[in-house]
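See below for input_1.txt, which holds compact mmCIF, C-alpha atoms and all ligand atoms.
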```
# COMPACT_ATOMS: atom_id res chain seq x y z
CA MET A 1 39.07 -21.45 -44.25
CA ASP A 2 41.08 -22.66 -41.25
CA ASP A 3 43.06 -19.41 -41.30
CA LEU A 4 39.84 -17.40 -41.26
CA ARG A 5 38.55 -19.47 -38.38
CA ASP A 6 41.71 -19.11 -36.28
CA LYS A 7 41.88 -15.39 -36.96
CA TYR A 8 38.32 -14.61 -35.87
CA ILE A 9 38.05 -17.03 -32.93
CA ALA A 10 41.27 -15.59 -31.47
CA ALA A 11 40.15 -11.97 -32.05
CA ILE A 12 36.77 -12.64 -30.43
CA ALA A 13 38.42 -14.24 -27.40
CA ALA A 14 40.72 -11.22 -27.04
CA ALA A 15 37.93 -8.60 -27.32
CA THR A 16 37.31 -6.61 -24.14
CA ASP A 17 34.25 -4.57 -25.10
CA GLU A 18 31.09 -4.83 -27.11
CA ALA A 19 32.12 -2.28 -29.76
CA THR A 20 35.11 -4.44 -30.74
CA LEU A 21 32.82 -7.47 -30.96
CA GLU A 22 30.48 -5.61 -33.26
CA ASP A 23 33.39 -4.62 -35.54
CA LEU A 24 34.50 -8.26 -35.69
CA ARG A 25 30.98 -9.37 -36.53
CA VAL A 26 30.81 -6.94 -39.45
CA GLN A 27 34.27 -7.95 -40.71
CA ALA A 28 33.51 -11.68 -40.58
CA VAL A 29 29.82 -12.32 -41.14
CA GLY A 30 28.43 -8.89 -42.06
CA LYS A 31 27.07 -8.36 -45.61
CA LYS A 32 30.57 -7.68 -46.98
CA GLY A 33 32.36 -9.74 -44.34
CA GLU A 34 35.09 -12.17 -45.23
CA VAL A 35 32.99 -15.26 -44.60
CA SER A 36 30.03 -13.79 -46.54
CA LEU A 37 32.26 -13.01 -49.50
CA GLN A 38 33.54 -16.58 -49.51
CA MET A 39 29.95 -17.78 -49.53
CA ARG A 40 29.31 -15.77 -52.65
CA GLU A 41 32.14 -17.68 -54.32
CA LEU A 42 30.10 -20.90 -53.92
CA GLY A 43 28.14 -20.07 -57.08
CA LYS A 44 31.27 -20.23 -59.16
CA MET A 45 32.21 -23.70 -57.89
CA THR A 46 31.48 -27.06 -59.45
CA PRO A 47 28.69 -28.97 -57.70
CA GLU A 48 31.25 -31.36 -56.18
CA GLU A 49 33.37 -28.51 -54.79
CA ARG A 50 30.26 -26.77 -53.51
CA GLN A 51 29.13 -29.85 -51.65
CA VAL A 52 32.35 -29.82 -49.65
CA ALA A 53 32.81 -26.06 -49.24
CA GLY A 54 29.12 -25.16 -48.58
CA PRO A 55 28.60 -27.01 -45.27
CA LYS A 56 32.09 -26.01 -44.12
CA LEU A 57 31.38 -22.33 -44.66
CA ASN A 58 28.00 -22.60 -42.98
CA ALA A 59 29.60 -24.34 -40.01
CA LEU A 60 32.26 -21.62 -39.86
CA LYS A 61 29.60 -18.91 -39.93
CA ASP A 62 27.69 -20.64 -37.11
CA GLU A 63 30.85 -21.09 -35.08
CA ILE A 64 31.78 -17.42 -35.37
CA ASN A 65 28.23 -16.31 -34.55
CA SER A 66 28.03 -18.45 -31.45
CA ALA A 67 31.52 -17.35 -30.33
CA LEU A 68 30.34 -13.73 -30.72
CA GLY A 69 27.15 -14.49 -28.74
CA ALA A 70 28.99 -16.25 -25.93
CA LYS A 71 31.59 -13.51 -25.67
CA LYS A 72 28.89 -10.83 -25.63
CA ALA A 73 27.04 -12.57 -22.79
CA GLY A 74 30.31 -12.93 -20.91
CA LEU A 75 31.06 -9.21 -21.27
CA GLU A 76 27.54 -8.31 -20.06
CA ASP A 77 27.91 -10.55 -17.02
CA ALA A 78 31.27 -9.01 -16.21
CA ALA A 79 29.80 -5.51 -16.54
CA LEU A 80 26.91 -6.43 -14.23
CA ASP A 81 29.30 -7.95 -11.68
CA GLU A 82 31.38 -4.80 -11.81
CA ARG A 83 28.32 -2.62 -11.25
CA LEU A 84 27.06 -4.76 -8.38
CA ARG A 85 30.46 -4.56 -6.73
CA GLY A 86 30.32 -0.76 -6.99
CA GLU A 87 26.73 -0.44 -5.76
CA TRP A 88 27.18 -2.84 -2.86
CA LEU A 89 25.18 -1.82 0.20
CA ASP A 90 25.07 -3.44 3.64
CA VAL A 91 21.46 -3.04 4.68
CA THR A 92 22.26 -4.43 8.13
CA LEU A 93 24.33 -1.36 8.99
CA PRO A 94 22.61 1.01 11.46
CA SER A 95 21.21 4.03 9.62
CA ARG A 96 22.64 6.45 12.16
CA LEU A 97 25.63 6.26 14.40
CA ARG A 98 24.53 4.91 17.75
CA GLY A 99 23.99 7.42 20.52
CA GLN A 100 23.68 10.44 18.26
CA GLY A 101 20.15 11.79 18.38
CA THR A 102 18.08 11.74 21.56
CA VAL A 103 14.37 11.87 22.29
CA HIS A 104 13.34 15.26 23.68
CA PRO A 105 12.02 15.11 27.27
CA ILE A 106 8.66 16.49 26.10
CA SER A 107 8.29 13.66 23.57
CA GLN A 108 9.42 11.16 26.19
CA VAL A 109 6.95 12.43 28.81
CA THR A 110 4.14 12.55 26.22
CA GLU A 111 4.84 8.88 25.46
CA GLU A 112 4.90 8.04 29.16
CA VAL A 113 1.61 9.84 29.83
CA THR A 114 -0.01 8.16 26.82
CA ALA A 115 1.14 4.70 27.94
CA ILE A 116 -0.27 5.19 31.44
CA PHE A 117 -3.67 6.50 30.32
CA ALA A 118 -3.92 3.91 27.54
CA ASP A 119 -3.64 1.29 30.26
CA MET A 120 -6.71 2.84 31.92
CA GLY A 121 -8.66 2.74 28.65
CA PHE A 122 -8.09 6.30 27.42
CA GLY A 123 -7.63 6.82 23.68
CA VAL A 124 -5.60 9.68 22.21
CA ALA A 125 -7.46 12.53 20.49
CA GLU A 126 -5.97 15.41 18.53
CA GLY A 127 -7.07 18.85 17.45
CA PRO A 128 -5.61 21.76 15.47
CA ARG A 129 -3.16 24.17 17.08
CA ILE A 130 -4.79 27.01 15.18
CA ASP A 131 -8.44 26.92 16.16
CA THR A 132 -11.44 29.24 16.06
CA ASP A 133 -12.19 31.36 19.08
CA TRP A 134 -15.46 29.46 19.31
CA TYR A 135 -13.70 26.16 20.07
CA ASN A 136 -11.03 27.78 22.21
CA PHE A 137 -13.42 29.96 24.24
CA ASP A 138 -17.18 30.16 23.55
CA ALA A 139 -17.84 26.42 23.45
CA LEU A 140 -15.98 26.12 26.74
CA ASN A 141 -18.37 28.60 28.36
CA ILE A 142 -15.95 31.51 28.03
CA PRO A 143 -18.02 34.19 26.22
CA SER A 144 -16.26 37.17 24.68
CA HIS A 145 -16.76 39.51 27.65
CA HIS A 146 -15.42 36.91 30.09
CA PRO A 147 -12.29 38.00 32.01
CA ALA A 148 -10.67 34.57 31.36
CA ARG A 149 -10.15 35.66 27.75
CA ALA A 150 -8.09 38.64 28.83
CA GLU A 151 -6.15 36.56 31.37
CA MET A 152 -5.09 34.04 28.74
CA ASP A 153 -2.69 36.35 26.80
CA THR A 154 -4.04 34.94 23.57
CA PHE A 155 -2.26 35.11 20.21
CA TYR A 156 -4.86 36.08 17.63
CA MET A 157 -4.29 35.28 13.95
CA HIS A 158 -4.10 38.29 11.65
CA ARG A 159 -7.34 39.16 9.87
CA ASP A 160 -7.71 41.52 6.95
CA GLU A 161 -10.44 44.09 7.18
CA GLY A 162 -13.63 42.69 5.68
CA ASP A 163 -12.51 39.09 6.25
CA ASN A 164 -15.60 37.58 7.79
CA ARG A 165 -14.33 34.11 8.51
CA PRO A 166 -14.51 33.31 12.22
CA PRO A 167 -11.54 34.69 14.20
CA HIS A 168 -8.75 32.17 14.74
CA VAL A 169 -6.34 31.92 17.66
CA LEU A 170 -3.32 29.82 18.53
CA ARG A 171 -5.07 27.57 21.00
CA THR A 172 -4.34 28.67 24.56
CA HIS A 173 -5.05 25.22 26.00
CA THR A 174 -5.92 21.69 24.89
CA SER A 175 -9.51 22.04 26.18
CA PRO A 176 -10.99 22.81 22.71
CA VAL A 177 -10.21 19.21 21.81
CA GLN A 178 -12.87 18.24 24.39
CA ILE A 179 -15.50 19.87 22.18
CA ARG A 180 -14.11 18.51 18.91
CA THR A 181 -13.99 14.97 20.27
CA MET A 182 -17.50 15.17 21.74
CA GLU A 183 -18.76 16.34 18.33
CA ALA A 184 -16.90 13.61 16.48
CA GLU A 185 -17.53 10.67 18.79
CA GLY A 186 -20.43 11.44 21.13
CA ALA A 187 -20.79 9.76 24.52
CA PRO A 188 -19.54 7.68 26.28
CA LEU A 189 -15.98 8.94 25.88
CA ARG A 190 -12.60 8.41 27.45
CA ILE A 191 -9.70 10.32 25.86
CA ILE A 192 -6.58 12.29 26.52
CA CYS A 193 -5.24 14.94 24.21
CA PRO A 194 -1.57 15.87 24.46
CA GLY A 195 -0.21 18.74 22.41
CA GLY A 196 1.27 22.20 22.02
CA VAL A 197 -0.50 25.34 23.26
CA TYR A 198 0.40 29.06 23.09
CA ARG A 199 0.26 32.11 25.32
CA ALA A 200 2.09 35.43 25.19
CA ASP A 201 4.21 34.96 28.28
CA TYR A 202 7.94 34.49 28.92
CA ASP A 203 9.97 33.88 32.10
CA GLN A 204 11.64 30.99 33.93
CA THR A 205 8.38 29.05 34.17
CA HIS A 206 6.52 30.42 31.11
CA THR A 207 7.25 30.12 27.38
CA PRO A 208 5.06 31.32 24.48
CA MET A 209 4.68 27.70 23.40
CA PHE A 210 4.27 24.92 25.91
CA HIS A 211 2.47 21.57 26.15
CA GLN A 212 -0.59 20.29 27.92
CA VAL A 213 -2.45 17.05 28.17
CA GLU A 214 -6.21 17.22 28.43
CA GLY A 215 -8.25 14.39 29.89
CA LEU A 216 -11.95 13.77 29.37
CA ALA A 217 -14.20 10.95 30.55
CA ILE A 218 -17.93 10.98 29.92
CA ASP A 219 -20.43 8.36 30.96
CA LYS A 220 -23.71 7.97 32.84
CA ASP A 221 -22.41 7.93 36.39
CA ILE A 222 -18.91 9.42 36.42
CA SER A 223 -18.01 11.41 39.54
CA MET A 224 -15.16 13.34 41.15
CA ALA A 225 -14.25 10.08 42.92
CA ASN A 226 -13.39 8.52 39.54
CA LEU A 227 -11.32 11.61 38.71
CA LYS A 228 -9.38 11.33 41.97
CA TRP A 229 -8.68 7.63 41.46
CA VAL A 230 -7.57 8.10 37.86
CA LEU A 231 -5.23 10.97 38.80
CA GLU A 232 -3.70 9.12 41.76
CA GLU A 233 -3.12 6.06 39.58
CA PHE A 234 -1.56 8.30 36.99
CA PHE A 235 0.78 10.14 39.35
CA SER A 236 1.95 6.94 41.08
CA ALA A 237 2.75 5.37 37.71
CA PHE A 238 4.30 8.52 36.26
CA PHE A 239 6.55 9.42 39.18
CA GLU A 240 7.19 5.71 39.81
CA VAL A 241 6.29 6.06 43.52
CA GLU A 242 3.58 3.88 45.11
CA GLY A 243 0.48 5.54 46.55
CA ILE A 244 1.01 9.24 45.83
CA LYS A 245 -1.62 11.34 47.61
CA THR A 246 -3.48 14.19 45.93
CA ARG A 247 -5.16 17.24 47.43
CA PHE A 248 -8.17 18.82 45.71
CA ARG A 249 -8.63 22.55 46.27
CA SER A 250 -11.89 24.09 45.18
CA SER A 251 -11.27 26.38 42.22
CA HIS A 252 -13.09 27.94 39.32
CA PHE A 253 -12.87 27.21 35.62
CA PRO A 254 -15.66 28.38 33.30
CA PHE A 255 -15.81 24.90 31.73
CA THR A 256 -16.22 22.91 34.98
CA GLU A 257 -18.78 22.74 37.74
CA PRO A 258 -17.47 22.10 40.32
CA GLY A 259 -13.81 22.80 39.55
CA ALA A 260 -10.70 21.89 41.49
CA GLU A 261 -6.99 22.48 41.39
CA VAL A 262 -5.05 19.36 42.23
CA ASP A 263 -1.83 19.20 44.24
CA ILE A 264 0.43 16.20 44.70
CA GLN A 265 2.22 15.26 47.89
CA CYS A 266 5.87 16.26 48.08
CA SER A 267 8.69 17.37 50.36
CA TRP A 268 11.88 19.35 50.04
CA VAL A 269 14.98 17.69 51.51
CA ASP A 270 18.15 19.83 51.40
CA GLY A 271 16.59 21.95 48.72
CA GLN A 272 15.72 18.85 46.68
CA LEU A 273 12.15 18.14 45.69
CA ARG A 274 10.81 14.66 46.49
CA ILE A 275 7.46 13.73 44.97
CA GLY A 276 5.11 11.36 46.80
CA GLU A 277 6.42 11.79 50.34
CA GLY A 278 6.22 14.27 53.23
CA ASP A 279 3.51 16.84 53.92
CA GLY A 280 4.17 19.52 51.33
CA TRP A 281 1.95 20.07 48.30
CA MET A 282 2.72 20.98 44.71
CA GLU A 283 0.06 22.21 42.30
CA VAL A 284 0.01 20.17 39.10
CA LEU A 285 -3.29 20.56 37.28
CA GLY A 286 -6.80 21.95 36.90
CA SER A 287 -9.83 19.71 36.76
CA GLY A 288 -13.50 19.32 37.51
CA MET A 289 -16.83 17.96 36.38
CA VAL A 290 -17.58 19.05 32.81
CA HIS A 291 -19.99 22.01 32.82
CA PRO A 292 -23.43 21.14 31.35
CA LYS A 293 -23.05 24.01 28.84
CA VAL A 294 -19.81 22.45 27.59
CA LEU A 295 -21.49 19.07 27.07
CA GLN A 296 -24.23 20.85 25.20
CA ALA A 297 -21.76 22.73 23.00
CA GLY A 298 -20.24 19.34 22.13
CA GLY A 299 -23.68 17.98 21.21
CA ILE A 300 -24.05 15.75 24.26
CA ASP A 301 -27.22 15.79 26.39
CA PRO A 302 -26.26 16.95 29.91
CA ASP A 303 -29.42 15.39 31.35
CA GLN A 304 -28.16 11.96 30.34
CA TRP A 305 -24.40 12.22 30.55
CA GLN A 306 -21.79 13.65 32.87
CA GLY A 307 -18.04 13.50 33.10
CA PHE A 308 -14.78 14.80 34.42
CA ALA A 309 -12.01 16.70 32.68
CA PHE A 310 -8.53 17.81 33.57
CA GLY A 311 -5.69 19.77 32.01
CA MET A 312 -2.08 19.36 33.01
CA GLY A 313 1.21 20.92 31.87
CA ILE A 314 3.43 18.33 30.20
CA ASP A 315 6.53 20.53 30.41
CA ARG A 316 5.82 21.11 34.09
CA ILE A 317 5.55 17.43 35.05
CA ALA A 318 8.62 16.73 32.90
CA MET A 319 10.56 19.34 34.89
CA LEU A 320 9.36 17.81 38.17
CA LYS A 321 10.16 14.22 37.20
CA TYR A 322 13.53 14.81 35.55
CA GLY A 323 14.78 17.70 37.69
CA ILE A 324 14.88 20.27 34.88
CA PRO A 325 15.12 23.75 36.43
CA ASP A 326 14.29 26.15 33.56
CA LEU A 327 11.37 25.72 31.19
CA ARG A 328 12.97 27.91 28.51
CA ALA A 329 15.73 25.35 27.95
CA PHE A 330 13.14 22.96 26.45
CA PHE A 331 12.94 25.21 23.40
CA ASP A 332 16.55 26.40 23.04
CA SER A 333 17.76 23.39 20.98
CA ASP A 334 21.10 23.48 22.81
CA LEU A 335 22.81 20.21 21.82
CA ARG A 336 24.56 19.85 25.17
CA TRP A 337 21.23 20.16 26.99
CA LEU A 338 19.54 17.74 24.56
CA ARG A 339 22.29 15.17 25.10
CA HIS A 340 22.06 15.55 28.85
CA TYR A 341 18.28 15.48 29.24
CA GLY A 342 17.37 13.49 26.09
CA PHE A 343 16.38 9.83 26.01
CA ALA A 344 17.68 6.88 24.01
CA SER A 345 15.67 6.70 20.81
CA LEU A 346 14.85 3.00 20.94
CA ASP A 347 13.59 2.87 24.54
CA VAL A 348 9.88 3.33 23.96
CA PRO A 349 8.19 3.80 27.33
CA THR A 350 5.67 1.11 28.26
CA LEU A 351 4.12 0.13 31.56
CA HIS A 352 5.55 -3.39 31.43
CA GLY A 353 8.95 -2.46 30.00
CA GLY A 354 9.53 0.56 32.25
CA LEU A 355 8.55 4.18 31.67
CA SER A 356 11.97 5.77 31.99
CA ARG A 357 15.40 4.21 32.17
N1 LIG A 401 -7.64 24.58 30.26
C1 LIG A 401 -7.11 24.93 31.58
C2 LIG A 401 -5.86 25.77 31.40
O1 LIG A 401 -5.33 25.82 30.37
C3 LIG A 401 -6.75 23.70 32.35
C4 LIG A 401 -7.95 22.90 32.74
C5 LIG A 401 -8.59 23.16 33.92
C6 LIG A 401 -8.43 21.92 31.89
C7 LIG A 401 -9.71 22.42 34.31
C8 LIG A 401 -9.56 21.18 32.25
C9 LIG A 401 -10.20 21.45 33.46
O2 LIG A 401 -10.06 20.20 31.47
O3 LIG A 401 -11.27 20.71 33.82
O4 LIG A 401 -5.40 26.35 32.32
```

As structure tokens - that is how I would like this structure written.
Amino acid sequence: MDDLRDKYIAAIAAATDEATLEDLRVQAVGKKGEVSLQMRELGKMTPEERQVAGPKLNALKDEINSALGAKKAGLEDAALDERLRGEWLDVTLPSRLRGQGTVHPISQVTEEVTAIFADMGFGVAEGPRIDTDWYNFDALNIPSHHPARAEMDTFYMHRDEGDNRPPHVLRTHTSPVQIRTMEAEGAPLRIICPGGVYRADYDQTHTPMFHQVEGLAIDKDISMANLKWVLEEFFSAFFEVEGIKTRFRSSHFPFTEPGAEVDIQCSWVDGQLRIGEGDGWMEVLGSGMVHPKVLQAGGIDPDQWQGFAFGMGIDRIAMLKYGIPDLRAFFDSDLRWLRHYGFASLDVPTLHGGLSR
């Protein structure tokens, strides 16, 4: 019995995998195992012999079983350790190499604009880039015969003959979001809407896709004076120059009455543009008091409410602020350009933390 014990305890200790352990279990304590066979011999013994051999055999069986159990647990632990070592992962490592990607100037400027208007209580509204011609034109007081439709170089979505859904266009401006937001939220209202717009046009200052930010404020007693203050606050914050002056030139937009084009003060020194100084002027946006028909189209009573609106080119003010000469480069995805004009991805622009660094 001691030989049996030594043989199996040593073999179990030397086993390096679970299959070997299982073989040993079968050989020792399985149905026809050596220990089991010995137990069968008990019946042939005298009661005295049995009293000695019985407990010994049982103890041996227990000892072998618990050695098998302990070894099995040890092997499982070792396997787990091995796996954990292989699957080791340092979650504190940065997910990307530092300094690789950059934030596109259009995204950066959109964030800057949003931060500035948020500080003046404007929320951000959004609308679809593919919209019906009703939202893009009719609701904005541009009926189908209106020359403004022809001037816009609109991309119309394809329509099969017999398709009687309303015609859809790639929105030519962010102004349709005025209507959608009026419908959804009613008055009073104070929102901006930044986003992509489309026109069939291509040269140094025009691309088929570009970006605008629309502004809309509606309340009981809003006037052009509020518009002027808001825009001057915006431009001073955006160009990071105190007290930028604006010039309002009377203009016409179907969706405003009255309408104005707005210039900001600037000068050219040695061919370099300086915003917010001198006596030159640079056109930056269209604006006006929202036309009563537009309020009506948005479901707002023009006898009770009035407001101002403006629309400004994001790409254009990005070019002015960051000295980017050609609009087309915004959309070329040239890595060298993106590295040069892009922004660090973790510097989110805020008014208190700095808009651009
Ligand atoms: N939607 C005009 C455009 O794309 C810009 C504009 C002008 C927007 C005057 C306005 C506005 O909200 O009041 O050229």

Near ligand LIG 401 (chain A), 6 Å: chain A residue rows, closest pairs, all atoms listed in the file, as CSV:
```
residue,atom,partner,partner_atom,distance
A:His173,CA,A:LIG401,O1,4.4
A:Ser175,CA,A:LIG401,N1,5.2
A:Glu214,CA,A:LIG401,O2,5.7
A:Phe253,CA,A:LIG401,C7,5.9
A:Thr256,CA,A:LIG401,O3,5.5
A:Gly286,CA,A:LIG401,C5,3.7
A:Ser287,CA,A:LIG401,O3,3.4
A:Gly288,CA,A:LIG401,O3,4.5
A:Ala309,CA,A:LIG401,O2,4.2
A:Phe310,CA,A:LIG401,O2,3.5
A:Gly311,CA,A:LIG401,C6,3.5
```

Between A:Leu355, A:Ala217, A:Thr350, A:Glu233, which residue has the minimum interatomic distance to Trp305 (chain A), considering all atoms listed in the file?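 Of all the options, A:Ala217 lies closest to Trp305 (chain A).
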
Got a sec: who's within 12 Å of Ile314 (chain A), counting only C-alpha atoms, leaving out chain neighbours fewer than 6 positions off, as an mmCIF file with C-alpha atoms, keeping the file's coordinate frame?
```cif
data_model
loop_
_atom_site.group_PDB
_atom_site.id
_atom_site.type_symbol
_atom_site.label_atom_id
_atom_site.label_comp_id
_atom_site.auth_asym_id
_atom_site.auth_seq_id
_atom_site.Cartn_x
_atom_site.Cartn_y
_atom_site.Cartn_z
ATOM 1 C CA PRO A 105 12.020 15.110 27.270
ATOM 2 C CA ILE A 106 8.660 16.490 26.100
ATOM 3 C CA SER A 107 8.290 13.660 23.570
ATOM 4 C CA GLN A 108 9.420 11.160 26.190
ATOM 5 C CA VAL A 109 6.950 12.430 28.810
ATOM 6 C CA THR A 110 4.140 12.550 26.220
ATOM 7 C CA GLU A 111 4.840 8.880 25.460
ATOM 8 C CA GLU A 112 4.900 8.040 29.160
ATOM 9 C CA VAL A 113 1.610 9.840 29.830
ATOM 10 C CA THR A 114 -0.010 8.160 26.820
ATOM 11 C CA HIS A 173 -5.050 25.220 26.000
ATOM 12 C CA THR A 174 -5.920 21.690 24.890
ATOM 13 C CA CYS A 193 -5.240 14.940 24.210
ATOM 14 C CA PRO A 194 -1.570 15.870 24.460
ATOM 15 C CA GLY A 195 -0.210 18.740 22.410
ATOM 16 C CA GLY A 196 1.270 22.200 22.020
ATOM 17 C CA VAL A 197 -0.500 25.340 23.260
ATOM 18 C CA MET A 209 4.680 27.700 23.400
ATOM 19 C CA PHE A 210 4.270 24.920 25.910
ATOM 20 C CA HIS A 211 2.470 21.570 26.150
ATOM 21 C CA GLN A 212 -0.590 20.290 27.920
ATOM 22 C CA VAL A 213 -2.450 17.050 28.170
ATOM 23 C CA GLU A 214 -6.210 17.220 28.430
ATOM 24 C CA PHE A 238 4.300 8.520 36.260
ATOM 25 C CA VAL A 284 0.010 20.170 39.100
ATOM 26 C CA LEU A 285 -3.290 20.560 37.280
ATOM 27 C CA LEU A 320 9.360 17.810 38.170
ATOM 28 C CA LYS A 321 10.160 14.220 37.200
ATOM 29 C CA TYR A 322 13.530 14.810 35.550
ATOM 30 C CA LEU A 327 11.370 25.720 31.190
ATOM 31 C CA PHE A 330 13.140 22.960 26.450
#
```

Could you state the separation of CA of His291 (chain A) and CA of Asp315 (chain A) in Å, given to one decimal place?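 So the two atoms, CA of His291 (chain A) and CA of Asp315 (chain A), lie 26.7 Å apart.
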
As a ChimeraX atom specification, please: the residues near Ser144 (chain A) (cut-off 12 Å, all atoms listed in the file, same-chain neighbours under 5 positions excluded). /A:133-134,136-139,149-150,167

Between CA of Ala28 (chain A) and CA of Ala70 (chain A) - distance in Å to one decimal: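 One can read the CA of Ala70 (chain A) to CA of Ala28 (chain A) distance as 16.0 Å.
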
So the first atom is CA of Leu346 (chain A) and the second is CA of Pro94 (chain A); what is the distance between them in Å, to one decimal place?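 CA of Leu346 (chain A) sits 12.4 Å away from CA of Pro94 (chain A).
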
Contacts of Ala10 (chain A) at 12 Å or less, counting only C-alpha atoms, minus same-chain residues fewer than 6 places along, as a list in words? Asp3, Leu4, Leu21, Leu24, Ile64, Ala67, Leu68 and Lys71 of chain A

Option closest in space to Ala19 (chain A), from A:Asp153, A:Leu338, A:Arg180, A:Leu75 [counting only C-alpha atoms]: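 Smallest separation from Ala19 (chain A) among the options: A:Leu75.
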
Taking 4 positions as the minimum chain separation for residues in the same chain, which residues sit within 9 Å of Met289 (chain A) when counting only C-alpha atoms? Answer as a list in words.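 Everything that qualifies: Ile222, Ser223, Met224, Leu227, Phe255, Thr256, Glu257, Pro258, Gly259, Ala260, Gln306, Gly307, Phe308, Ala309 and Phe310 of chain A.
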
Quick one: everything within 10 Å of Gln100 (chain A), counting all atoms listed in the file, minus sequence neighbours fewer than 5 positions away in the same chain. Send it as an MDAnalysis selection string. chainID A and resid 339 344:345
